[in-house]
file input.txt (compact mmCIF, C-alpha atoms)
# COMPACT_ATOMS: atom_id res chain seq x y z
CA MET A 252 0.00 0.00 0.00
CA PRO A 253 1.47 3.42 -0.92
CA ALA A 254 2.40 5.79 1.93
CA ALA A 255 0.07 8.47 0.56
CA ALA A 256 -2.89 6.17 1.18
CA LEU A 257 -2.01 5.97 4.89
CA LYS A 258 -1.81 9.73 5.33
CA PRO A 259 -4.86 11.05 7.25
CA LYS A 260 -7.11 13.33 5.27
CA PRO A 261 -7.91 16.73 6.79
CA THR A 262 -11.44 17.02 8.10
CA GLN A 263 -13.93 19.59 6.91
CA SER A 264 -13.58 21.69 10.07
CA THR A 265 -9.77 21.89 9.95
CA LEU A 266 -9.81 22.83 6.28
CA GLN A 267 -11.90 25.93 6.92
CA HIS A 268 -10.67 26.94 10.37
CA PRO A 269 -7.04 26.37 11.35
CA VAL A 270 -6.62 25.30 14.97
CA LEU A 271 -4.18 27.44 16.96
CA LEU A 272 -3.22 25.64 20.14
CA ASP A 273 -0.21 27.73 21.06
CA LEU A 274 -2.16 30.92 21.74
CA PRO A 275 -4.14 31.64 24.93
CA TYR A 276 -7.87 31.15 24.71
CA ASP A 277 -10.49 33.83 24.14
CA PRO A 278 -12.68 34.23 27.23
CA VAL A 279 -16.32 33.29 26.93
CA GLU A 280 -19.04 35.90 27.13
CA LYS A 281 -19.87 36.79 30.72
CA ARG A 282 -23.36 36.19 32.07
CA PRO A 283 -24.98 37.99 35.01
CA LEU A 284 -24.67 36.26 38.38
CA PRO A 285 -27.81 35.18 40.25
CA PRO A 286 -29.15 37.82 42.65
CA GLY A 287 -29.72 37.40 46.37
CA ARG A 288 -26.51 35.66 47.43
CA PRO A 289 -24.23 36.90 50.22
CA ARG A 290 -21.34 39.14 49.15
CA ASP A 291 -18.75 36.50 50.13
CA TRP A 292 -20.30 34.07 47.66
CA TYR A 293 -19.81 36.53 44.77
CA ILE A 294 -16.21 37.21 45.79
CA SER A 295 -15.29 33.52 45.99
CA HIS A 296 -17.21 32.71 42.79
CA ASN A 297 -15.42 35.40 40.79
CA ARG A 298 -12.09 34.31 42.26
CA ARG A 299 -12.73 30.70 41.18
CA LEU A 300 -13.68 31.83 37.66
CA LYS A 301 -10.54 33.94 37.40
CA ALA A 302 -8.38 31.06 38.65
CA MET A 303 -9.94 28.72 36.07
CA ARG A 304 -9.33 31.21 33.25
CA LEU A 305 -5.71 31.61 34.32
CA ALA A 306 -5.15 27.88 34.71
CA ILE A 307 -6.52 27.24 31.21
CA ALA A 308 -4.37 30.00 29.73
CA LEU A 309 -1.27 28.63 31.48
CA LEU A 310 -1.98 25.12 30.21
CA ASP A 311 -2.49 26.48 26.69
CA SER A 312 0.83 28.33 26.88
CA GLY A 313 2.78 25.23 27.93
CA VAL A 314 2.92 25.50 31.73
CA TYR A 315 1.72 22.06 32.84
CA LEU A 316 3.04 21.67 36.39
CA PRO A 317 2.08 23.72 39.45
CA ASN A 318 5.73 24.28 40.41
CA GLN A 319 6.29 25.94 37.00
CA ALA A 320 3.51 28.45 37.75
CA ARG A 321 5.11 30.98 40.05
CA ASN A 322 3.18 34.12 41.00
CA GLU A 323 5.12 36.17 38.42
CA THR A 324 4.26 33.69 35.66
CA ILE A 325 0.58 33.72 36.61
CA ARG A 326 0.49 37.52 36.75
CA SER A 327 2.21 37.89 33.38
CA THR A 328 -0.31 35.45 31.89
CA ALA A 329 -3.12 37.50 33.42
CA GLN A 330 -1.76 40.59 31.71
CA LEU A 331 -1.46 38.65 28.43
CA ILE A 332 -5.11 37.52 28.45
CA GLY A 333 -6.40 40.85 29.73
CA VAL A 334 -7.53 40.22 33.31
CA HIS A 335 -6.52 42.15 36.40
CA PRO A 336 -3.42 40.88 38.21
CA PRO A 337 -4.45 38.13 40.63
CA SER A 338 -3.84 38.19 44.36
CA ASP A 339 -1.61 35.68 46.13
CA THR A 340 -4.74 33.73 47.12
CA THR A 341 -5.87 33.49 43.49
CA CYS A 342 -2.37 32.39 42.41
CA HIS A 343 -2.57 29.65 45.03
CA MET A 344 -5.96 28.57 43.62
CA VAL A 345 -4.50 28.44 40.10
CA ARG A 346 -1.75 26.08 41.26
CA ALA A 347 -4.31 23.97 43.14
CA LEU A 348 -6.44 23.67 39.98
CA MET A 349 -3.41 22.63 37.96
CA ARG A 350 -2.52 20.06 40.61
CA TYR A 351 -5.93 18.36 40.56
CA THR A 352 -6.62 18.33 36.82
CA ARG A 353 -5.83 14.61 36.45
call {"tool": "encode", "arguments": {"input": "input.txt", "output": "structure tokens"}}
result
Amino acid sequence: MPAAALKPKPTQSTLQHPVLLDLPYDPVEKRPLPPGRPRDWYISHNRRLKAMRLAIALLDSGVYLPNQARNETIRSTAQLIGVHPPSDTTCHMVRALMRYTR
């Protein structure tokens, strides 16, 4: 069998839209939060969302281990994707998310 016959054919979706995996993701559209919760719930919820966005962006950029994600790395990634610099607590949450992704 010729080698050209074993070569995988590109799918319809990859022909029209190239897949860029080395660039950070585009954030999804934000939705309003449910009303009537205590203020602490909103603070922790937003912190978890920010930590998830940062963890995804770090994974997309090639940082796979929590010990590779120092606070400076996380904050530079935050600047790259356009979110406010995270606090030390949020940086800790990012590393915790990266630790428990398996």
call {"tool": "atom_distance", "arguments": {"input": "input.txt", "atom1": "atom CA of A:Val334", "atom2": "atom CA of A:Lys301"}}
result
8.1 Å
call {"tool": "atom_distance", "arguments": {"input": "input.txt", "atom1": "atom CA of A:Tyr351", "atom2": "atom CA of A:Leu300"}}
result
15.8 Å
call {"tool": "atom_distance", "arguments": {"input": "input.txt", "atom1": "atom CA of A:Thr341", "atom2": "atom CA of A:Lys281"}}
result
19.2 Å
call {"tool": "axis_aligned_box", "arguments": {"input": "input.txt", "around": "stretch 341-346 of chain A", "padding_each_side": "5 Å", "output": "JSON"}}
result
{"center_x": -3.9, "center_y": 29.8, "center_z": 42.6, "size_x": 14.2, "size_y": 17.4, "size_z": 14.9}
call {"tool": "residues_around", "arguments": {"input": "input.txt", "residues": "stretch 322-333 of chain A", "least_positions_apart": "2", "cutoff": "12 Å", "atoms": "all atoms listed in the file", "output": "PyMOL selection string"}}
result
chain A and resi 274-278+301-314+317-320+335-346+349
call {"tool": "build_atoms", "arguments": {"input": "input.txt", "residues": "stretch 308-329 of chain A", "atoms": "N, CA, C and O atoms", "output": "PDB file, in the frame of the given file"}}
result
ATOM      1  N   ALA A 308      -5.331  29.256  30.536  1.00  0.00           N
ATOM      2  CA  ALA A 308      -4.370  30.000  29.730  1.00  0.00           C
ATOM      3  C   ALA A 308      -2.947  29.503  29.958  1.00  0.00           C
ATOM      4  O   ALA A 308      -2.157  29.417  29.006  1.00  0.00           O
ATOM      5  N   LEU A 309      -2.609  29.162  31.199  1.00  0.00           N
ATOM      6  CA  LEU A 309      -1.270  28.630  31.480  1.00  0.00           C
ATOM      7  C   LEU A 309      -1.084  27.275  30.804  1.00  0.00           C
ATOM      8  O   LEU A 309      -0.022  27.008  30.221  1.00  0.00           O
ATOM      9  N   LEU A 310      -2.078  26.420  30.871  1.00  0.00           N
ATOM     10  CA  LEU A 310      -1.980  25.120  30.210  1.00  0.00           C
ATOM     11  C   LEU A 310      -1.851  25.283  28.705  1.00  0.00           C
ATOM     12  O   LEU A 310      -1.079  24.570  28.062  1.00  0.00           O
ATOM     13  N   ASP A 311      -2.585  26.228  28.129  1.00  0.00           N
ATOM     14  CA  ASP A 311      -2.490  26.480  26.690  1.00  0.00           C
ATOM     15  C   ASP A 311      -1.125  27.014  26.293  1.00  0.00           C
ATOM     16  O   ASP A 311      -0.670  26.790  25.176  1.00  0.00           O
ATOM     17  N   SER A 312      -0.480  27.738  27.205  1.00  0.00           N
ATOM     18  CA  SER A 312       0.830  28.330  26.880  1.00  0.00           C
ATOM     19  C   SER A 312       1.989  27.394  27.191  1.00  0.00           C
ATOM     20  O   SER A 312       3.139  27.755  26.972  1.00  0.00           O
ATOM     21  N   GLY A 313       1.713  26.199  27.725  1.00  0.00           N
ATOM     22  CA  GLY A 313       2.780  25.230  27.930  1.00  0.00           C
ATOM     23  C   GLY A 313       3.235  25.051  29.360  1.00  0.00           C
ATOM     24  O   GLY A 313       4.194  24.327  29.614  1.00  0.00           O
ATOM     25  N   VAL A 314       2.587  25.683  30.310  1.00  0.00           N
ATOM     26  CA  VAL A 314       2.920  25.500  31.730  1.00  0.00           C
ATOM     27  C   VAL A 314       1.993  24.410  32.257  1.00  0.00           C
ATOM     28  O   VAL A 314       0.802  24.630  32.434  1.00  0.00           O
ATOM     29  N   TYR A 315       2.549  23.228  32.487  1.00  0.00           N
ATOM     30  CA  TYR A 315       1.720  22.060  32.840  1.00  0.00           C
ATOM     31  C   TYR A 315       1.817  21.664  34.305  1.00  0.00           C
ATOM     32  O   TYR A 315       0.954  20.957  34.800  1.00  0.00           O
ATOM     33  N   LEU A 316       2.849  22.079  34.998  1.00  0.00           N
ATOM     34  CA  LEU A 316       3.040  21.670  36.390  1.00  0.00           C
ATOM     35  C   LEU A 316       2.862  22.851  37.319  1.00  0.00           C
ATOM     36  O   LEU A 316       3.261  23.975  36.989  1.00  0.00           O
ATOM     37  N   PRO A 317       2.307  22.613  38.507  1.00  0.00           N
ATOM     38  CA  PRO A 317       2.080  23.720  39.450  1.00  0.00           C
ATOM     39  C   PRO A 317       3.381  24.404  39.880  1.00  0.00           C
ATOM     40  O   PRO A 317       3.393  25.608  40.100  1.00  0.00           O
ATOM     41  N   ASN A 318       4.482  23.644  39.970  1.00  0.00           N
ATOM     42  CA  ASN A 318       5.730  24.280  40.410  1.00  0.00           C
ATOM     43  C   ASN A 318       6.339  25.149  39.310  1.00  0.00           C
ATOM     44  O   ASN A 318       7.237  25.943  39.585  1.00  0.00           O
ATOM     45  N   GLN A 319       5.859  25.032  38.064  1.00  0.00           N
ATOM     46  CA  GLN A 319       6.290  25.940  37.000  1.00  0.00           C
ATOM     47  C   GLN A 319       5.518  27.258  37.045  1.00  0.00           C
ATOM     48  O   GLN A 319       5.965  28.239  36.468  1.00  0.00           O
ATOM     49  N   ALA A 320       4.389  27.275  37.724  1.00  0.00           N
ATOM     50  CA  ALA A 320       3.510  28.450  37.750  1.00  0.00           C
ATOM     51  C   ALA A 320       3.789  29.268  39.004  1.00  0.00           C
ATOM     52  O   ALA A 320       3.058  29.188  39.988  1.00  0.00           O
ATOM     53  N   ARG A 321       4.834  30.063  38.937  1.00  0.00           N
ATOM     54  CA  ARG A 321       5.110  30.980  40.050  1.00  0.00           C
ATOM     55  C   ARG A 321       4.161  32.173  39.944  1.00  0.00           C
ATOM     56  O   ARG A 321       3.509  32.372  38.913  1.00  0.00           O
ATOM     57  N   ASN A 322       4.089  32.964  40.998  1.00  0.00           N
ATOM     58  CA  ASN A 322       3.180  34.120  41.000  1.00  0.00           C
ATOM     59  C   ASN A 322       3.478  35.059  39.828  1.00  0.00           C
ATOM     60  O   ASN A 322       2.563  35.598  39.206  1.00  0.00           O
ATOM     61  N   GLU A 323       4.759  35.265  39.515  1.00  0.00           N
ATOM     62  CA  GLU A 323       5.120  36.170  38.420  1.00  0.00           C
ATOM     63  C   GLU A 323       4.627  35.621  37.081  1.00  0.00           C
ATOM     64  O   GLU A 323       4.157  36.371  36.234  1.00  0.00           O
ATOM     65  N   THR A 324       4.733  34.314  36.898  1.00  0.00           N
ATOM     66  CA  THR A 324       4.260  33.690  35.660  1.00  0.00           C
ATOM     67  C   THR A 324       2.748  33.833  35.531  1.00  0.00           C
ATOM     68  O   THR A 324       2.227  34.154  34.456  1.00  0.00           O
ATOM     69  N   ILE A 325       2.047  33.610  36.625  1.00  0.00           N
ATOM     70  CA  ILE A 325       0.580  33.720  36.610  1.00  0.00           C
ATOM     71  C   ILE A 325       0.163  35.157  36.338  1.00  0.00           C
ATOM     72  O   ILE A 325      -0.744  35.419  35.541  1.00  0.00           O
ATOM     73  N   ARG A 326       0.855  36.111  36.949  1.00  0.00           N
ATOM     74  CA  ARG A 326       0.490  37.520  36.750  1.00  0.00           C
ATOM     75  C   ARG A 326       0.821  37.996  35.340  1.00  0.00           C
ATOM     76  O   ARG A 326       0.081  38.799  34.768  1.00  0.00           O
ATOM     77  N   SER A 327       1.911  37.505  34.762  1.00  0.00           N
ATOM     78  CA  SER A 327       2.210  37.890  33.380  1.00  0.00           C
ATOM     79  C   SER A 327       1.203  37.273  32.408  1.00  0.00           C
ATOM     80  O   SER A 327       0.835  37.897  31.409  1.00  0.00           O
ATOM     81  N   THR A 328       0.730  36.070  32.710  1.00  0.00           N
ATOM     82  CA  THR A 328      -0.310  35.450  31.890  1.00  0.00           C
ATOM     83  C   THR A 328      -1.616  36.220  32.018  1.00  0.00           C
ATOM     84  O   THR A 328      -2.341  36.398  31.034  1.00  0.00           O
ATOM     85  N   ALA A 329      -1.913  36.702  33.214  1.00  0.00           N
ATOM     86  CA  ALA A 329      -3.120  37.500  33.420  1.00  0.00           C
ATOM     87  C   ALA A 329      -3.069  38.772  32.574  1.00  0.00           C
ATOM     88  O   ALA A 329      -4.064  39.156  31.951  1.00  0.00           O
TER      89      ALA A 329
END
